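Reproduced below: start04.txt, with compact mmCIF, C-alpha atoms and all ligand atoms.
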```txt
# COMPACT_ATOMS: atom_id res chain seq x y z
CA MET X 1348 114.65 53.24 47.56
CA THR X 1349 113.95 56.94 47.61
CA TYR X 1350 110.69 58.56 48.46
CA ARG X 1351 109.15 60.25 45.40
CA PRO X 1352 105.74 61.55 44.43
CA SER X 1353 103.38 58.76 43.38
CA SER X 1354 103.76 59.17 39.62
CA PHE X 1355 107.40 58.08 39.83
CA TRP X 1356 106.30 54.77 41.18
CA SER X 1357 104.24 53.34 38.35
CA ALA X 1358 107.08 51.02 37.30
CA TYR X 1359 108.02 50.19 40.85
CA THR X 1360 104.58 49.30 42.01
CA PHE X 1361 103.55 46.28 40.00
CA MET X 1362 106.50 43.99 40.72
CA THR X 1363 107.00 45.25 44.21
CA MET X 1364 103.34 44.88 45.10
CA ILE X 1365 103.54 41.22 44.18
CA ASP X 1366 106.70 40.82 46.26
CA ILE X 1367 105.25 42.56 49.27
CA ALA X 1368 102.02 40.56 49.09
CA ASP X 1369 104.09 37.34 48.85
CA ASN X 1370 106.28 38.37 51.75
CA ILE X 1371 103.28 39.18 53.92
CA ARG X 1372 101.69 35.81 53.25
CA SER X 1373 104.84 33.83 53.87
CA LEU X 1374 105.63 35.77 57.07
CA GLU X 1375 102.07 35.27 58.27
CA ALA X 1376 102.44 31.52 57.68
CA LYS X 1377 105.67 31.48 59.69
CA ILE X 1378 104.11 33.44 62.55
CA VAL X 1379 101.21 30.99 62.65
CA GLN X 1380 103.61 28.05 62.62
CA THR X 1381 105.90 29.49 65.28
CA SER X 1382 103.05 30.53 67.59
CA LYS X 1383 101.60 27.07 67.35
CA LYS X 1384 104.94 25.45 68.09
CA TYR X 1385 105.25 27.40 71.32
CA GLY X 1386 101.63 26.98 72.34
CA ARG X 1387 100.66 30.58 71.79
CA PRO X 1388 97.45 31.68 70.08
CA ARG X 1389 98.15 33.60 66.86
CA GLY X 1390 96.13 36.49 68.29
CA ASP X 1391 98.69 36.97 71.07
CA VAL X 1392 101.37 38.09 68.64
CA LYS X 1393 100.82 41.37 66.84
CA LEU X 1394 102.72 42.08 63.64
CA VAL X 1395 104.02 45.64 63.41
CA ALA X 1396 105.03 46.23 59.78
CA VAL X 1397 108.05 48.54 59.84
CA THR X 1398 107.90 50.89 56.84
CA LYS X 1399 110.80 53.23 57.62
CA GLY X 1400 112.88 53.93 54.52
CA HIS X 1401 110.10 52.68 52.24
CA PRO X 1402 107.63 54.80 50.26
CA GLU X 1403 103.94 55.34 50.83
CA GLU X 1404 103.24 52.89 48.00
CA ALA X 1405 104.77 50.11 50.06
CA VAL X 1406 102.38 50.96 52.88
CA ARG X 1407 99.48 50.92 50.43
CA CYS X 1408 100.46 47.40 49.29
CA ALA X 1409 100.44 46.24 52.88
CA LEU X 1410 97.09 47.93 53.49
CA LYS X 1411 95.66 46.07 50.49
CA GLU X 1412 96.80 42.84 52.09
CA GLY X 1413 94.92 43.76 55.24
CA LEU X 1414 97.75 44.99 57.47
CA ARG X 1415 96.87 47.94 59.68
CA VAL X 1416 99.67 48.11 62.27
CA PHE X 1417 102.77 50.03 61.14
CA GLY X 1418 106.03 51.13 62.69
CA GLU X 1419 108.19 54.15 61.84
CA ASN X 1420 111.34 55.34 63.56
CA ARG X 1421 111.28 59.05 62.65
CA VAL X 1422 108.50 61.50 63.41
CA GLN X 1423 109.07 63.60 60.30
CA GLU X 1424 109.19 60.68 57.87
CA ALA X 1425 106.09 59.16 59.46
CA LYS X 1426 104.23 62.45 59.17
CA LEU X 1427 104.94 62.74 55.44
CA LYS X 1428 103.96 59.17 54.78
CA PHE X 1429 101.02 58.63 57.12
CA SER X 1430 99.13 61.91 57.60
CA GLN X 1431 96.94 61.34 54.54
CA LEU X 1432 96.83 57.55 54.93
CA LYS X 1433 95.49 57.85 58.46
CA ILE X 1434 92.56 59.90 57.13
CA GLU X 1435 91.85 57.32 54.43
CA PHE X 1436 92.32 54.38 56.82
CA PRO X 1437 91.19 55.48 60.30
CA ASP X 1438 91.95 52.03 61.71
CA ILE X 1439 95.69 52.34 61.07
CA ASP X 1440 97.63 51.76 64.30
CA LEU X 1441 100.91 53.65 64.02
CA HIS X 1442 103.84 52.87 66.33
CA LEU X 1443 106.87 55.08 66.95
CA ILE X 1444 109.83 52.72 67.39
CA GLY X 1445 112.70 55.20 67.11
CA PRO X 1446 114.15 57.75 69.54
CA LEU X 1447 111.91 60.71 70.36
CA GLN X 1448 113.45 64.15 70.81
CA SER X 1449 111.74 66.47 73.26
CA ASN X 1450 111.02 69.07 70.57
CA LYS X 1451 109.07 66.50 68.50
CA VAL X 1452 106.82 65.32 71.32
CA MET X 1453 103.76 67.37 70.34
CA GLU X 1454 103.93 66.11 66.75
CA ALA X 1455 104.45 62.55 67.95
CA VAL X 1456 101.47 62.62 70.31
CA ARG X 1457 99.32 64.03 67.50
CA LEU X 1458 100.36 61.34 65.00
CA PHE X 1459 101.21 58.06 66.75
CA ASP X 1460 98.89 55.58 68.41
CA VAL X 1461 101.73 53.89 70.29
CA ILE X 1462 105.05 55.40 71.40
CA GLU X 1463 107.41 52.53 72.21
CA THR X 1464 110.49 54.55 73.12
CA VAL X 1465 109.84 56.33 76.42
CA ASP X 1466 113.36 56.37 77.84
CA ARG X 1467 114.00 59.33 80.16
CA PRO X 1468 112.24 61.42 82.81
CA LYS X 1469 112.29 64.61 80.73
CA LEU X 1470 110.55 62.81 77.88
CA ALA X 1471 107.97 61.40 80.30
CA ASP X 1472 107.23 64.94 81.50
CA GLU X 1473 106.98 66.29 77.95
CA LEU X 1474 104.65 63.46 76.96
CA SER X 1475 102.47 64.13 79.95
CA LYS X 1476 102.24 67.81 79.00
CA ALA X 1477 101.50 67.09 75.33
CA ILE X 1478 98.82 64.56 76.24
CA ARG X 1479 97.15 67.12 78.48
CA ILE X 1480 97.30 69.89 75.86
CA LEU X 1481 96.20 67.78 72.90
CA GLY X 1482 93.67 65.58 74.70
CA ARG X 1483 95.03 62.59 72.83
CA THR X 1484 96.68 59.65 74.62
CA PRO X 1485 98.91 57.27 72.67
CA ARG X 1486 99.67 53.94 74.35
CA LEU X 1487 103.16 54.07 75.86
CA TYR X 1488 105.99 51.56 76.28
CA ILE X 1489 109.32 52.00 77.98
CA GLU X 1490 112.39 51.18 75.90
CA ILE X 1491 114.88 49.01 77.76
CA ASN X 1492 118.58 48.91 76.99
CA ILE X 1493 118.46 45.22 77.67
CA ALA X 1494 122.19 44.47 77.31
CA GLU X 1495 123.25 47.84 78.74
CA GLU X 1496 125.11 48.75 75.56
CA PRO X 1497 126.69 52.20 75.89
CA GLN X 1498 125.66 53.39 72.40
CA LYS X 1499 122.02 52.34 72.77
CA ALA X 1500 118.98 54.24 73.95
CA GLY X 1501 116.78 52.87 76.70
CA ILE X 1502 116.51 52.51 80.45
CA SER X 1503 118.85 49.98 81.99
CA PRO X 1504 117.06 47.03 83.60
CA CYS X 1505 118.15 47.98 87.11
CA GLU X 1506 116.80 51.52 86.71
CA LEU X 1507 113.45 50.32 85.38
CA PRO X 1508 111.56 50.11 88.71
CA SER X 1509 112.35 53.71 89.65
CA PHE X 1510 111.74 55.02 86.13
CA PHE X 1511 108.44 53.17 85.95
CA GLU X 1512 107.49 54.69 89.29
CA TYR X 1513 108.44 58.13 87.97
CA CYS X 1514 106.29 57.69 84.86
CA ALA X 1515 103.30 56.41 86.81
CA HIS X 1516 103.33 58.76 89.78
CA THR X 1517 105.19 61.91 88.77
CA SER X 1518 104.30 62.14 85.08
CA LYS X 1519 100.97 60.30 85.52
CA LEU X 1520 101.55 58.20 82.43
CA ASN X 1521 99.91 54.86 81.84
CA ILE X 1522 102.75 52.60 80.71
CA GLU X 1523 101.46 49.46 78.97
CA GLY X 1524 104.59 47.65 77.93
CA LEU X 1525 108.31 47.33 77.34
CA MET X 1526 110.36 47.25 74.16
CA CYS X 1527 113.95 46.25 73.41
CA ILE X 1528 116.46 45.70 70.63
CA PRO X 1529 118.99 43.03 71.70
CA PRO X 1530 122.66 43.23 70.64
CA GLN X 1531 123.11 42.41 66.95
CA LYS X 1532 125.76 39.72 67.18
CA GLU X 1533 124.59 37.70 70.16
CA ASP X 1534 121.98 35.04 70.78
CA PRO X 1535 118.88 37.16 71.45
CA THR X 1536 117.01 34.55 73.49
CA PRO X 1537 118.42 35.37 76.97
CA TYR X 1538 117.64 39.04 76.36
CA PHE X 1539 114.11 38.30 75.20
CA ILE X 1540 113.52 36.16 78.27
CA LYS X 1541 114.85 38.95 80.44
CA LEU X 1542 112.56 41.57 78.88
CA HIS X 1543 109.56 39.30 79.30
CA LYS X 1544 110.42 38.82 82.97
CA LEU X 1545 110.84 42.55 83.53
CA ALA X 1546 107.42 43.17 81.96
CA SER X 1547 105.80 40.47 84.11
CA SER X 1548 107.36 41.89 87.27
CA LEU X 1549 105.57 45.20 86.60
CA HIS X 1550 102.36 43.49 85.41
CA LEU X 1551 102.76 44.98 81.94
CA SER X 1552 100.94 43.10 79.21
CA LYS X 1553 102.83 44.34 76.14
CA VAL X 1554 106.28 43.04 75.24
CA SER X 1555 107.61 44.46 71.97
CA MET X 1556 110.57 42.39 70.75
CA GLY X 1557 111.67 40.50 67.65
CA MET X 1558 112.64 41.78 64.19
CA SER X 1559 113.15 40.16 60.76
CA GLY X 1560 116.11 38.10 61.96
CA ASP X 1561 114.84 36.95 65.32
CA TYR X 1562 111.05 37.10 65.51
CA ARG X 1563 110.79 33.33 66.02
CA GLU X 1564 112.98 33.44 69.12
CA ALA X 1565 110.99 36.44 70.32
CA ILE X 1566 107.67 34.62 69.91
CA ALA X 1567 109.13 31.64 71.78
CA ALA X 1568 110.12 33.97 74.65
CA GLY X 1569 106.69 35.59 74.94
CA SER X 1570 106.75 38.58 72.58
CA THR X 1571 103.35 40.17 72.06
CA GLU X 1572 104.57 42.42 69.23
CA ILE X 1573 107.14 41.69 66.58
CA ARG X 1574 108.47 44.62 64.53
CA VAL X 1575 109.32 43.41 61.05
CA GLY X 1576 110.61 45.54 58.17
CA THR X 1577 113.12 43.85 55.86
CA ALA X 1578 111.31 40.51 55.65
CA LEU X 1579 108.23 42.33 54.31
CA PHE X 1580 109.52 45.26 52.27
CA GLY X 1581 113.08 44.29 51.37
CA THR X 1582 116.30 46.07 52.27
CA ARG X 1583 116.41 49.80 52.71
CA SER X 1584 119.42 51.98 52.07
CA PRO X 1585 120.20 53.86 55.26
CA ALA X 1586 120.81 57.13 53.41
CA THR X 1587 117.43 57.37 51.72
CA ALA X 1588 115.36 57.86 54.83
CA VAL X 1589 117.16 61.13 55.43
CA LYS X 1590 117.49 62.28 51.84
CA GLU X 1591 113.89 61.63 50.94
CA LEU X 1592 112.73 64.24 53.45
CA LYS X 1593 114.49 66.92 51.46
CA SER X 1594 113.18 65.73 48.10
CA PRO X 1595 111.81 68.90 46.46
CA GLY X 1596 108.80 67.16 44.92
CA LYS X 1597 107.36 66.13 48.24
CA SER X 1598 105.21 68.69 50.01
C1 LIG T 1601 114.13 49.04 61.73
C2 LIG T 1601 113.61 48.52 62.99
C3 LIG T 1601 112.95 47.28 63.04
C4 LIG T 1601 112.78 46.37 61.82
O1 LIG T 1601 113.98 45.76 61.51
P1 LIG T 1601 114.09 44.66 60.35
O2 LIG T 1601 115.34 43.96 60.67
O3 LIG T 1601 114.12 45.39 59.07
O4 LIG T 1601 112.90 43.78 60.47
C5 LIG T 1601 112.46 46.87 64.27
N1 LIG T 1601 112.60 47.62 65.38
C6 LIG T 1601 113.23 48.81 65.37
C7 LIG T 1601 113.34 49.59 66.63
C8 LIG T 1601 113.76 49.30 64.19
O5 LIG T 1601 114.39 50.49 64.19
```
Any chance you could put this one into structure tokens?
Amino acid sequence: MTYRPSSFWSAYTFMTMIDIADNIRSLEAKIVQTSKKYGRPRGDVKLVAVTKGHPEEAVRCALKEGLRVFGENRVQEAKLKFSQLKIEFPDIDLHLIGPLQSNKVMEAVRLFDVIETVDRPKLADELSKAIRILGRTPRLYIEINIAEEPQKAGISPCELPSFFEYCAHTSKLNIEGLMCIPPQKEDPTPYFIKLHKLASSLHLSKVSMGMSGDYREAIAAGSTEIRVGTALFGTRSPATAVKELKSPGKS
């Protein structure tokens, strides 16, 4: 899918709206079922609908179905898609779930309600500065590189206590939770359990884990926020998210 001005989407919308509405209902049923199975109230598990790589129309379908919590992984893409929507729907709760570069911190603090990817001291300092300047305070989570994979962002579990301390006392940030993405080809459960334990050890109430392929395991292990994209909006082509930003029709 590419991101085009609304008029291009008249053919897209009707079928896709039905699909998205169906997907939302069937996912909701599965979340209810899974929560119940593990003795967790439905209200304990927040659904973050991940709209990266999908057009504004997809977000509008989800809004029609009553969803208000969305996740994006790029500041620029989120800004194009959500600036206007956030005016129309002031109760949208927008989460940044992708890496945050220091030079995008001001924009991110202006736009997002939750930043889930705090992962280095310099970023903590920049966030602190932006929050002071803008007078706006997004909720903040630390991203954990739960399996200590070399290619992945995040704080390693053993460095978490000192990084948390740094955020709280040096940068004066109020960290509310932890987030992780477990390795793709392994059983995620041990990693989910580990993240939940790390959060408990710091008395953090928010545990963001679980995606389309593993949200059930995440709910079982105590996730308070599952981040689901594909199961709601279908597959995205990795190239479009980048290309769409340069689309000449989009202001
Ligand atoms: C894309 C993404 C998701 C959603 O993944 P799906 O498999 O499409 O549900 C969740 N979390 C993060 C950090 C992501 O980048």
Report as a ChimeraX atom specification which protein, DNA and RNA residues come within 10 Å of ligand LIG 1601 (chain T), using only C-alpha atoms and all ligand atoms. /X:1395-1400,1418-1421,1443-1446,1463-1464,1490,1526-1528,1555-1562,1573-1583
Residues around (97.6, 53.3, 60.3), cut-off 9 Å, counting only C-alpha atoms - what are they as a PyMOL selection string? chain X and resi 1410+1414-1417+1429+1432-1434+1436-1442+1459-1460
Close residues, range 1470-1487 of chain X itself excluded, 12 Å, all atoms listed in the file, min 6 positions apart in chain, as a ChimeraX atom specification: /X:1440-1444,1446-1464,1501,1510-1526,1551-1555
Those selected residues, please, written with C-alpha atoms and delivered as a PDB file, in the frame of the given file.
```pdb
ATOM      1  CA  ASP X1440      97.630  51.760  64.300  1.00  0.00           C
ATOM      2  CA  LEU X1441     100.910  53.650  64.020  1.00  0.00           C
ATOM      3  CA  HIS X1442     103.840  52.870  66.330  1.00  0.00           C
ATOM      4  CA  LEU X1443     106.870  55.080  66.950  1.00  0.00           C
ATOM      5  CA  ILE X1444     109.830  52.720  67.390  1.00  0.00           C
ATOM      6  CA  PRO X1446     114.150  57.750  69.540  1.00  0.00           C
ATOM      7  CA  LEU X1447     111.910  60.710  70.360  1.00  0.00           C
ATOM      8  CA  GLN X1448     113.450  64.150  70.810  1.00  0.00           C
ATOM      9  CA  SER X1449     111.740  66.470  73.260  1.00  0.00           C
ATOM     10  CA  ASN X1450     111.020  69.070  70.570  1.00  0.00           C
ATOM     11  CA  LYS X1451     109.070  66.500  68.500  1.00  0.00           C
ATOM     12  CA  VAL X1452     106.820  65.320  71.320  1.00  0.00           C
ATOM     13  CA  MET X1453     103.760  67.370  70.340  1.00  0.00           C
ATOM     14  CA  GLU X1454     103.930  66.110  66.750  1.00  0.00           C
ATOM     15  CA  ALA X1455     104.450  62.550  67.950  1.00  0.00           C
ATOM     16  CA  VAL X1456     101.470  62.620  70.310  1.00  0.00           C
ATOM     17  CA  ARG X1457      99.320  64.030  67.500  1.00  0.00           C
ATOM     18  CA  LEU X1458     100.360  61.340  65.000  1.00  0.00           C
ATOM     19  CA  PHE X1459     101.210  58.060  66.750  1.00  0.00           C
ATOM     20  CA  ASP X1460      98.890  55.580  68.410  1.00  0.00           C
ATOM     21  CA  VAL X1461     101.730  53.890  70.290  1.00  0.00           C
ATOM     22  CA  ILE X1462     105.050  55.400  71.400  1.00  0.00           C
ATOM     23  CA  GLU X1463     107.410  52.530  72.210  1.00  0.00           C
ATOM     24  CA  THR X1464     110.490  54.550  73.120  1.00  0.00           C
ATOM     25  CA  GLY X1501     116.780  52.870  76.700  1.00  0.00           C
ATOM     26  CA  PHE X1510     111.740  55.020  86.130  1.00  0.00           C
ATOM     27  CA  PHE X1511     108.440  53.170  85.950  1.00  0.00           C
ATOM     28  CA  GLU X1512     107.490  54.690  89.290  1.00  0.00           C
ATOM     29  CA  TYR X1513     108.440  58.130  87.970  1.00  0.00           C
ATOM     30  CA  CYS X1514     106.290  57.690  84.860  1.00  0.00           C
ATOM     31  CA  ALA X1515     103.300  56.410  86.810  1.00  0.00           C
ATOM     32  CA  HIS X1516     103.330  58.760  89.780  1.00  0.00           C
ATOM     33  CA  THR X1517     105.190  61.910  88.770  1.00  0.00           C
ATOM     34  CA  SER X1518     104.300  62.140  85.080  1.00  0.00           C
ATOM     35  CA  LYS X1519     100.970  60.300  85.520  1.00  0.00           C
ATOM     36  CA  LEU X1520     101.550  58.200  82.430  1.00  0.00           C
ATOM     37  CA  ASN X1521      99.910  54.860  81.840  1.00  0.00           C
ATOM     38  CA  ILE X1522     102.750  52.600  80.710  1.00  0.00           C
ATOM     39  CA  GLU X1523     101.460  49.460  78.970  1.00  0.00           C
ATOM     40  CA  GLY X1524     104.590  47.650  77.930  1.00  0.00           C
ATOM     41  CA  LEU X1525     108.310  47.330  77.340  1.00  0.00           C
ATOM     42  CA  MET X1526     110.360  47.250  74.160  1.00  0.00           C
ATOM     43  CA  LEU X1551     102.760  44.980  81.940  1.00  0.00           C
ATOM     44  CA  SER X1552     100.940  43.100  79.210  1.00  0.00           C
ATOM     45  CA  LYS X1553     102.830  44.340  76.140  1.00  0.00           C
ATOM     46  CA  VAL X1554     106.280  43.040  75.240  1.00  0.00           C
ATOM     47  CA  SER X1555     107.610  44.460  71.970  1.00  0.00           C
TER      48      SER X1555
END
```
Computed interatomic separation between CA of Arg1467 in chain X and CA of Gly1569 in chain X (Å): 25.4 Å
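One distance worth recording is that between CA of Lys1532 in chain X and CA of Ser1570 in chain X, which is 19.8 Å.
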Using all atoms listed in the file, pick whichever of X:Ile1365, X:Leu1545, X:Val1465, X:Ile1493 has the shortest atom-to-atom distance to Cys1408 in chain X. X:Ile1365
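Going from CA of Ile1502 in chain X over to CA of Asp1466 in chain X, you cover 5.6 Å.
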Compare X:His1401, X:Lys1544, X:His1550, X:Arg1563 by their minimum atom-to-atom distance to Ile1367 in chain X, counting all atoms listed in the file, and give me the closest one. X:His1401
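Closest approach to Ile1566 in chain X from the set X:Asp1391, X:Glu1403, X:Asp1366, X:Glu1424 is made by X:Asp1391, with distances taken over all atoms listed in the file.
Taking all atoms listed in the file into account, the residues near (96.9, 32.6, 64.7), no farther than 10 Å, are Glu1375, Ala1376, Ile1378, Val1379, Gln1380, Thr1381, Ser1382, Lys1383, Arg1387, Pro1388, Arg1389, Gly1390, Asp1391, Val1392 and Lys1393 of chain X.
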Could you put an axis-aligned box around every listed atom of range 1517-1527 of chain X, padded by 5 Å on each side, and send me its centre and edge lengths in Å to one decimal, as JSON?
```
{"center_x": 106.9, "center_y": 54.2, "center_z": 81.1, "size_x": 24.0, "size_y": 25.9, "size_z": 25.4}
```
